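Each remark here refers to the structure printed beneath this line.
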Amino acid sequence: MIKAGSLLYAIYICLLISLLTGALLLVFSFKKDFTLKLAIKSKLVNQCESCINYYLSDIENNNDVVDIFDDGLKCRFAKSKWGLFEKLTTKAFFKNDTIEKTILIGAASDNKNLALYLCDWGEELKISGNTSIKGDLNLPLKKIKTINILGNSQINKPKTNGNIFSSNQNLPKLDYAIQNQNGKSIFFSEVRSQGYIFNDFKNSPLTIELEKGDNLTNLQLKGNIILNSKDTLYIDKYAKIQDVIIKAPKVVFERGFVGCLQVFADKEITVEENVILQYPSSLAIISENNIDQKKIEINGDSQIYGALILDGKSFDEKENNEINLDEETLVVGDLYCNGKLELKGKITGSVYAHKLKLETKSGNYENVILNTVIDATSIPINYARLPILSNKNEQTYEVIKEL
């Protein structure tokens, strides 16, 4: 005969086994669902990357939704301007799961070997000192002349290494369209006390209006932000700025500043010593306002990774425009000067100039380069150039940066 206590004990054991079995089945079910979701997420991440590559391979594709592999995982594209760049947002989605990524894209140069394009005004290029130019050249009269400016006090062994082609009286045409950005607009006084301002690129642009006397001392700005100043804007070395657009009549970077931004000035940009503008930055004066003189000045030991742009329409305007690069400066990317350009530093990339100038203690010279390095052959791999020149039908696009 089985005792009642033993029967109760057996029931407890069966109940415990049932609970453990149910728990195991539940854990297995959760694990299966989690593994499935993880697999879908992983596929969506890969799909998002494939979407970007697909779009860049066919930049004129007007389809806003595609199923690349016919597997139910779809892509949605949205492209817009962000300063001089194209901003591309891709979404890969399956049912309720979505992966989103926003990137800046830039044009791969259709002439990566171009070192110097100098407009033809009837006077050949003259080189002196330890000047070195690596890459192809488009020159007036297709000629280079070696001269000695500073006499026996310097080494005078300039050299070039590249093909020489003829140029004409106009630079290759710029192709830019800076669109007005829709979004929220606020006054700087409303956010100044925050110290740190961030606006994700998933959101609409945030425009911050600066009034006379406002400055960016000790302020951190990052993301989808446009600073609009009606007065000269001083950016001190303690400001932390990433991916922001700045618009002002005149912009001055204090010595020691480090950041990544796009600047659009009406009249003047001054970069003091030891400033580093990280890739992809740009300094541009492309205003069509009737201003007597427009100028970009880069002082010693400063480094610009991206582009310098100074445009001009009429001949008189071009004659008054100036870009001055001091000794020990470095530009990696594109330098476009529809005006008079003075080079005393190093350029890794391409230079476009209406005219060249040189000022020394002994005098002023035209179309002369002294102790300068221009190297179009050493641009870093996958360093996308800024999409500023025409012939876009012949260009391919690359990822510049993930936002």
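The chains in the structure tokens are called A, B, ... from first to last as shown; in each chain the residues are counted from 1, and the ligands are counted from 1 in the order shown.
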Spatial neighbours of region 291-300 of chain A, 7 Å, only C-alpha atoms, chain gap at least 5 places, as number ranges by chain: A: 267-274, 320-329
Option closest in space to Lys143 (chain A), from A:Ser80, A:Asn156, A:Ser18, A:Asn367 [counting only C-alpha atoms]: A:Asn367
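Of note, CA of Asp120 (chain A) and CA of Leu308 (chain A) are spaced 21.5 Å apart.
You will find CA of Asn130 (chain A) at 25.5 Å from CA of Ile276 (chain A).
The closest residue to Val275 (chain A), picked from A:Gln303, A:Ser50, A:Thr131, A:Asn215 and counting only C-alpha atoms, is A:Gln303.
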DSSP-assigned helix (DSSP H, G or I) members of region 80-323 of chain A, reported as a PyMOL selection string: chain A and resi 140-142+151-153+188-190+192-194+315-320
Go ahead and save the picked residues with N, CA, C and O atoms, as a tab-separated table (two decimals), in the first residue's frame.
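To be explicit, this is the file written out as out_1.tsv:
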```tsv
chain	number	residue	atom	x	y	z
A	140	PRO	N	49.54	78.59	-68.28
A	140	PRO	CA	49.59	79.57	-69.37
A	140	PRO	C	50.73	79.24	-70.32
A	140	PRO	O	51.85	78.95	-69.88
A	141	LEU	N	50.44	79.26	-71.59
A	141	LEU	CA	51.46	79.03	-72.63
A	141	LEU	C	52.13	77.67	-72.53
A	141	LEU	O	53.09	77.39	-73.23
A	142	LYS	N	51.62	76.81	-71.61
A	142	LYS	CA	52.21	75.48	-71.37
A	142	LYS	C	53.69	75.58	-71.03
A	142	LYS	O	54.50	74.74	-71.40
A	151	GLY	N	68.59	85.15	-54.68
A	151	GLY	CA	70.02	85.11	-54.92
A	151	GLY	C	70.69	83.90	-54.32
A	151	GLY	O	70.09	82.83	-54.15
A	152	ASN	N	71.98	84.05	-53.96
A	152	ASN	CA	72.76	82.92	-53.45
A	152	ASN	C	72.45	82.56	-52.01
A	152	ASN	O	73.04	81.64	-51.45
A	153	SER	N	71.53	83.28	-51.38
A	153	SER	CA	71.21	83.00	-49.98
A	153	SER	C	70.29	81.81	-49.82
A	153	SER	O	69.97	81.43	-48.70
A	188	PHE	N	20.35	82.89	-30.09
A	188	PHE	CA	21.47	82.35	-29.32
A	188	PHE	C	21.26	82.55	-27.82
A	188	PHE	O	21.66	81.71	-27.02
A	189	SER	N	20.63	83.65	-27.44
A	189	SER	CA	20.41	83.94	-26.02
A	189	SER	C	19.54	82.89	-25.34
A	189	SER	O	19.62	82.70	-24.12
A	190	GLU	N	18.75	82.15	-26.13
A	190	GLU	CA	17.87	81.13	-25.56
A	190	GLU	C	18.61	79.87	-25.17
A	190	GLU	O	18.12	79.09	-24.35
A	192	ARG	N	22.34	79.85	-24.87
A	192	ARG	CA	23.72	80.15	-24.47
A	192	ARG	C	24.09	79.50	-23.14
A	192	ARG	O	25.19	78.99	-22.97
A	193	SER	N	23.18	79.49	-22.19
A	193	SER	CA	23.47	78.97	-20.86
A	193	SER	C	23.62	77.45	-20.82
A	193	SER	O	24.12	76.89	-19.85
A	194	GLN	N	23.19	76.75	-21.88
A	194	GLN	CA	23.26	75.29	-21.88
A	194	GLN	C	24.69	74.78	-21.96
A	194	GLN	O	25.00	73.70	-21.46
A	315	PHE	N	35.83	90.18	-63.80
A	315	PHE	CA	37.28	90.24	-63.79
A	315	PHE	C	37.78	91.14	-62.66
A	315	PHE	O	38.75	90.82	-61.97
A	316	ASP	N	37.13	92.28	-62.47
A	316	ASP	CA	37.54	93.20	-61.39
A	316	ASP	C	37.42	92.54	-60.03
A	316	ASP	O	38.29	92.73	-59.16
A	317	GLU	N	36.37	91.76	-59.83
A	317	GLU	CA	36.20	91.07	-58.55
A	317	GLU	C	37.31	90.05	-58.34
A	317	GLU	O	37.88	89.95	-57.25
A	318	LYS	N	37.66	89.33	-59.38
A	318	LYS	CA	38.73	88.34	-59.28
A	318	LYS	C	40.07	89.00	-58.97
A	318	LYS	O	40.89	88.45	-58.23
A	319	GLU	N	40.29	90.18	-59.53
A	319	GLU	CA	41.54	90.89	-59.29
A	319	GLU	C	41.66	91.36	-57.84
A	319	GLU	O	42.77	91.54	-57.33
A	320	ASN	N	40.54	91.56	-57.17
A	320	ASN	CA	40.55	92.03	-55.78
A	320	ASN	C	40.51	90.89	-54.77
A	320	ASN	O	40.85	91.08	-53.60
```
Which neighbours of Tyr352 (chain A) fall inside 7 Å, counting only C-alpha atoms, when residues of the same chain fewer than 6 positions from it are skipped, and could you give them as a short mmCIF file (atom, residue, chain, number, x, y, z; two decimals) with N, CA and C atoms, in the first residue's frame?
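Writing done, so here's around.cif:
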```cif
data_model
loop_
_atom_site.label_atom_id
_atom_site.label_comp_id
_atom_site.auth_asym_id
_atom_site.auth_seq_id
_atom_site.Cartn_x
_atom_site.Cartn_y
_atom_site.Cartn_z
N LEU A 116 48.00 71.62 -60.34
CA LEU A 116 47.81 73.06 -60.46
C LEU A 116 47.11 73.41 -61.76
N TYR A 117 46.07 74.23 -61.63
CA TYR A 117 45.41 74.84 -62.79
C TYR A 117 45.56 76.35 -62.63
N LEU A 118 46.33 76.99 -63.53
CA LEU A 118 46.59 78.42 -63.46
C LEU A 118 46.10 79.07 -64.75
N LEU A 171 38.77 79.50 -64.75
CA LEU A 171 38.89 78.26 -64.01
C LEU A 171 37.73 77.33 -64.33
N LEU A 335 41.98 73.47 -53.22
CA LEU A 335 42.11 74.91 -53.01
C LEU A 335 41.68 75.60 -54.31
N TYR A 336 40.60 76.36 -54.23
CA TYR A 336 40.02 77.01 -55.40
C TYR A 336 39.98 78.50 -55.15
N CYS A 337 40.77 79.27 -55.91
CA CYS A 337 40.88 80.71 -55.72
C CYS A 337 40.61 81.43 -57.02
#
```
